[in-house]
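Q: So I've got this file, run.cif, and it contains mmCIF, C-alpha atoms and all ligand atoms:
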data_target
loop_
_atom_site.label_atom_id
_atom_site.label_comp_id
_atom_site.auth_asym_id
_atom_site.auth_seq_id
_atom_site.Cartn_x
_atom_site.Cartn_y
_atom_site.Cartn_z
CA MET A 272 75.71 120.25 138.40
CA ASP A 273 79.35 121.18 138.12
CA LYS A 274 80.44 121.66 134.52
CA LEU A 275 84.02 120.54 135.13
CA LYS A 276 82.95 117.28 136.79
CA ASP A 277 80.45 116.64 133.99
CA LEU A 278 83.17 117.13 131.38
CA LEU A 279 85.51 114.81 133.27
CA LYS A 280 82.83 112.12 133.34
CA GLU A 281 82.22 112.58 129.64
CA ALA A 282 85.97 112.12 129.10
CA LEU A 283 86.01 109.01 131.29
CA TYR A 284 83.24 107.40 129.24
CA ALA A 285 84.89 108.42 125.98
CA GLU A 286 88.18 106.83 127.11
CA TYR A 287 86.39 103.58 127.93
CA GLU A 288 84.58 103.56 124.63
CA SER A 289 87.78 104.21 122.70
CA ALA A 290 89.68 101.56 124.65
CA TYR A 291 86.99 98.97 123.95
CA GLN A 292 86.73 99.86 120.27
CA TYR A 293 90.50 99.90 119.78
CA LEU A 294 90.76 96.46 121.33
CA ALA A 295 87.89 95.11 119.21
CA ASN A 296 89.41 96.50 116.01
CA SER A 297 92.85 95.30 116.95
CA VAL A 298 91.62 91.72 117.22
CA ALA A 299 89.56 92.02 114.03
CA LEU A 300 92.48 93.44 112.05
CA GLU A 301 95.00 90.76 112.83
CA GLY A 302 96.20 89.76 109.40
CA ILE A 303 98.77 90.62 106.83
CA HIS A 304 97.51 94.12 105.93
CA GLY A 305 96.38 95.05 109.38
CA GLU A 306 99.27 93.84 111.53
CA ILE A 307 100.91 97.21 112.15
CA ILE A 308 97.61 98.95 112.85
CA SER A 309 96.52 96.06 115.05
CA GLU A 310 99.65 96.42 117.20
CA GLU A 311 99.31 100.20 117.38
CA LEU A 312 95.69 99.84 118.49
CA VAL A 313 96.83 97.65 121.40
CA ASN A 314 99.32 100.38 122.42
CA GLU A 315 96.57 102.99 122.31
CA TYR A 316 94.17 100.70 124.14
CA ASN A 317 96.73 100.68 126.97
CA ASP A 318 97.06 104.48 126.86
CA GLU A 319 93.29 105.05 126.90
CA THR A 320 92.73 102.69 129.83
CA GLN A 321 95.48 104.52 131.71
CA HIS A 322 93.74 107.83 130.90
CA ALA A 323 90.45 106.41 132.22
CA LYS A 324 92.19 105.41 135.44
CA LEU A 325 93.70 108.88 135.95
CA ILE A 326 90.36 110.59 135.33
CA ALA A 327 88.53 108.19 137.67
CA LYS A 328 91.08 108.95 140.40
CA ARG A 329 90.65 112.70 139.90
CA LEU A 330 86.85 112.39 140.11
CA GLU A 331 87.30 110.44 143.35
CA VAL A 332 89.37 113.29 144.81
CA LEU A 333 86.67 115.74 143.67
CA ASP A 334 84.07 113.61 145.52
CA GLU A 335 82.21 112.80 142.33
CA PRO A 336 80.95 109.23 141.87
CA ILE A 337 82.02 107.88 138.50
CA GLY A 338 78.66 106.21 137.85
CA SER A 339 77.93 102.79 136.46
CA PHE A 340 78.73 101.16 133.16
CA GLU A 341 75.14 101.74 131.93
CA ASP A 342 75.85 105.47 131.97
CA ILE A 343 78.23 105.09 129.06
CA VAL A 344 76.61 106.31 125.85
CA PRO A 345 78.52 105.11 122.79
CA GLU A 346 79.39 107.98 120.47
CA HIS A 347 81.79 106.52 117.97
CA GLN A 348 79.74 104.02 115.99
CA MET A 349 82.14 104.41 113.09
CA LEU A 350 84.63 102.44 115.17
CA ASN A 351 82.39 99.39 115.43
CA PRO A 352 84.31 96.67 113.63
CA PRO A 353 82.29 95.66 110.56
CA GLU A 354 81.05 92.09 110.40
CA ASN A 355 83.32 89.93 108.29
CA MET A 356 86.23 92.33 108.60
CA THR A 357 88.85 91.11 106.16
CA ALA A 358 91.90 93.13 107.19
CA GLU A 359 92.05 94.24 103.55
CA PRO A 360 93.24 97.81 102.87
CA ASP A 361 89.66 99.21 102.76
CA ASP A 362 88.83 97.88 106.20
CA VAL A 363 92.16 99.04 107.58
CA LEU A 364 91.54 102.52 106.17
CA ASN A 365 88.06 102.63 107.74
CA VAL A 366 89.55 101.82 111.13
CA ILE A 367 92.22 104.50 110.69
CA GLU A 368 89.54 107.09 109.81
CA GLY A 369 87.52 106.04 112.85
CA VAL A 370 90.51 106.43 115.17
CA ILE A 371 91.28 109.86 113.71
CA GLU A 372 87.69 110.97 114.36
CA ALA A 373 87.75 109.62 117.94
CA GLU A 374 91.11 111.29 118.68
CA GLU A 375 89.93 114.61 117.24
CA SER A 376 86.88 114.57 119.48
CA ALA A 377 89.04 113.66 122.52
CA ILE A 378 91.34 116.60 121.73
CA GLU A 379 88.35 118.96 121.54
CA LEU A 380 87.04 117.66 124.87
CA TYR A 381 90.39 118.03 126.69
CA ARG A 382 90.73 121.60 125.38
CA GLU A 383 87.30 122.33 126.82
CA ILE A 384 88.29 120.76 130.16
CA ILE A 385 91.47 122.86 130.27
CA GLU A 386 89.45 126.06 129.73
CA GLU A 387 86.88 125.13 132.36
CA ALA A 388 89.59 124.12 134.86
CA LYS A 389 91.25 127.51 134.35
CA LYS A 390 87.93 129.26 135.04
CA GLN A 391 87.52 127.27 138.25
CA ASN A 392 91.17 127.74 139.31
CA ASP A 393 91.61 123.97 139.46
CA SER A 394 95.24 123.68 138.40
CA THR A 395 95.49 119.94 139.15
CA THR A 396 92.66 119.09 136.74
CA ARG A 397 94.11 121.52 134.20
CA ARG A 398 97.53 119.82 134.34
CA LEU A 399 95.95 116.37 134.04
CA ALA A 400 93.92 117.45 130.99
CA GLU A 401 97.06 118.97 129.43
CA GLU A 402 98.91 115.68 129.84
CA LEU A 403 96.05 113.70 128.31
CA LEU A 404 95.73 116.24 125.49
CA ALA A 405 99.40 115.74 124.61
CA ASP A 406 98.88 111.95 124.40
CA GLU A 407 95.81 112.33 122.18
CA GLU A 408 97.67 114.74 119.89
CA GLN A 409 100.36 112.10 119.52
CA HIS A 410 97.78 109.39 118.77
CA LEU A 411 96.19 111.64 116.15
CA ASP A 412 99.55 112.38 114.55
CA GLU A 413 100.43 108.67 114.37
CA PHE A 414 97.15 107.72 112.73
CA LYS A 415 97.34 110.61 110.30
CA SER A 416 100.68 109.32 109.12
CA TYR A 417 99.26 105.79 108.80
CA ARG A 418 96.48 107.24 106.67
CA GLU A 419 99.03 108.76 104.33
CA HIS A 420 100.43 105.30 103.69
CA TYR A 421 97.02 103.77 102.99
CA VAL A 422 95.59 106.28 100.51
FE FE B 501 92.78 108.92 125.90
FE FE B 502 93.87 108.54 122.16
#
What's the structure tokens form of this structure?
A:
Amino acid sequence: MDKLKDLLKEALYAEYESAYQYLANSVALEGIHGEIISEELVNEYNDETQHAKLIAKRLEVLDEPIGSFEDIVPEHQMLNPPENMTAEPDDVLNVIEGVIEAEESAIELYREIIEEAKKQNDSTTRRLAEELLADEEQHLDEFKSYREHYV
């Protein structure tokens, strides 16, 4: 197996998982305390689905099938919206912490993809991963500043 393609598939699944979880939390958090976070999660949901699309297109060019939905292994259980989410500050803070963790792991993964793409002299994949990395760094920065306001 090709390490770069495997990493790209891992990133594709992670983007889908994040998009789904951000959407789920966004709906669950609609309420007075969670309104801002809820709206921001919808923005990031849009970014992550766009990332998934760009990665899927790159895998297509690399002649790598993207697999089926069953291949997705959830990794960010902390982002599962709790039952009876109240949109109270504690729940909002839990969601913020979950997003921070997901963004940090995305950043780590894109750095790994950049390194592997360099090794394989695949400058197109490297540039794509650099673009996605910049977006994830921005997401992380935004949620870190939200956390400051909630603690
Ligand atoms: Fe993303
Ligand atoms: Fe992100």
Q: Any idea what's packed within 8 Å of stretch 273-289 of chain A, counting only C-alpha atoms, ignoring anything in its chain fewer than 3 positions away? Could you give it as a PDB file with C-alpha atoms, in the coordinates of the input?
A:
ATOM      1  CA  GLN A 292      86.730  99.860 120.270  1.00  0.00           C
ATOM      2  CA  TYR A 293      90.500  99.900 119.780  1.00  0.00           C
ATOM      3  CA  TYR A 316      94.170 100.700 124.140  1.00  0.00           C
ATOM      4  CA  GLU A 319      93.290 105.050 126.900  1.00  0.00           C
ATOM      5  CA  THR A 320      92.730 102.690 129.830  1.00  0.00           C
ATOM      6  CA  HIS A 322      93.740 107.830 130.900  1.00  0.00           C
ATOM      7  CA  ALA A 323      90.450 106.410 132.220  1.00  0.00           C
ATOM      8  CA  ILE A 326      90.360 110.590 135.330  1.00  0.00           C
ATOM      9  CA  ALA A 327      88.530 108.190 137.670  1.00  0.00           C
ATOM     10  CA  LEU A 330      86.850 112.390 140.110  1.00  0.00           C
ATOM     11  CA  LEU A 333      86.670 115.740 143.670  1.00  0.00           C
ATOM     12  CA  GLU A 335      82.210 112.800 142.330  1.00  0.00           C
ATOM     13  CA  ILE A 337      82.020 107.880 138.500  1.00  0.00           C
ATOM     14  CA  ILE A 343      78.230 105.090 129.060  1.00  0.00           C
ATOM     15  CA  VAL A 344      76.610 106.310 125.850  1.00  0.00           C
ATOM     16  CA  PRO A 345      78.520 105.110 122.790  1.00  0.00           C
ATOM     17  CA  GLU A 346      79.390 107.980 120.470  1.00  0.00           C
ATOM     18  CA  HIS A 347      81.790 106.520 117.970  1.00  0.00           C
ATOM     19  CA  ALA A 373      87.750 109.620 117.940  1.00  0.00           C
ATOM     20  CA  ALA A 377      89.040 113.660 122.520  1.00  0.00           C
ATOM     21  CA  LEU A 380      87.040 117.660 124.870  1.00  0.00           C
ATOM     22  CA  TYR A 381      90.390 118.030 126.690  1.00  0.00           C
ATOM     23  CA  ILE A 384      88.290 120.760 130.160  1.00  0.00           C
ATOM     24  CA  GLU A 387      86.880 125.130 132.360  1.00  0.00           C
ATOM     25  CA  ALA A 388      89.590 124.120 134.860  1.00  0.00           C
TER      26      ALA A 388
END
Q: So which one's closest to A:Tyr421, A:Leu399, A:Met356, A:Leu350, A:Val366? Using all atoms listed in the file, please.
A: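 Checking each of A:Leu399, A:Met356, A:Leu350, A:Val366 against A:Tyr421, counting all atoms listed in the file, the winner is A:Val366.
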Q: What is the distance, in Å and to one decimal place, between atom CA of A:Glu419 and atom CA of A:Ile367?
A: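 Rounded to one decimal, the two atoms are 10.2 Å apart.
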Q: How close does chain A get to ligand FE 502 (chain B)? List, as CSV, each residue of chain A within 6 Å, its nearest atom pair and the distance in Å to one decimal, counting only C-alpha atoms and all ligand atoms.
A:
residue,atom,partner,partner_atom,distance
A:Glu319,CA,B:FE502,FE,5.9
A:Glu374,CA,B:FE502,FE,5.2
A:Glu407,CA,B:FE502,FE,4.3
A:His410,CA,B:FE502,FE,5.2
Q: So, with only C-alpha atoms and all ligand atoms as the atoms that count, which of A:Val298, A:Ile385, A:Leu364, A:Leu325 lies closest to ligand FE 501 (chain B)?
A: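 For ligand FE 501 (chain B), the nearest of the given residues is A:Leu325.
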Q: I'd like the interatomic distance between atom CA of A:Ala400 and atom CA of A:Leu294, to a tenth of an Å.
A: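 Between atom CA of A:Ala400 and atom CA of A:Leu294 the gap is 23.3 Å.
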Q: Find the spatial neighbours of A:Glu301, counting only C-alpha atoms, within a cut-off of 12 Å - ignore same-chain residues fewer than 3 positions away - and output them as number ranges by chain.
A: A: 294-298, 304-313, 356-359, 362-363
Q: What is the atom CA of A:Glu379 to atom CA of A:Lys415 distance in Å?
A: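 These two atoms are separated by 16.6 Å.
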Q: Measuring atom to atom with all atoms listed in the file, identify which of A:Asp342, A:Glu372, A:Glu402, A:Ile303 is nearest to A:Gln321.
A: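 The answer is A:Glu402, which sits nearest to A:Gln321.
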Q: Go through A:Leu300, A:Met272, A:Ile371, A:Ala290 and flag the residue nearest ligand FE 501 (chain B), using only C-alpha atoms and all ligand atoms for the distances.
A: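 Among A:Leu300, A:Met272, A:Ile371, A:Ala290, it is A:Ala290 that comes nearest to ligand FE 501 (chain B).
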Q: Which residue, A:Lys390, A:Val332, A:Ala405, A:Tyr417, has the smallest gap to ligand FE 501 (chain B) when you use only C-alpha atoms and all ligand atoms?
A: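 The shortest atom-to-atom distance to ligand FE 501 (chain B) comes from A:Ala405.
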Q: Which is closest to ligand FE 501 (chain B) among A:Glu368, A:Glu315, A:Glu413, A:Asp393, if we use all atoms listed in the file?
A: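 Ranking A:Glu368, A:Glu315, A:Glu413, A:Asp393 by distance to ligand FE 501 (chain B), first place goes to A:Glu315.
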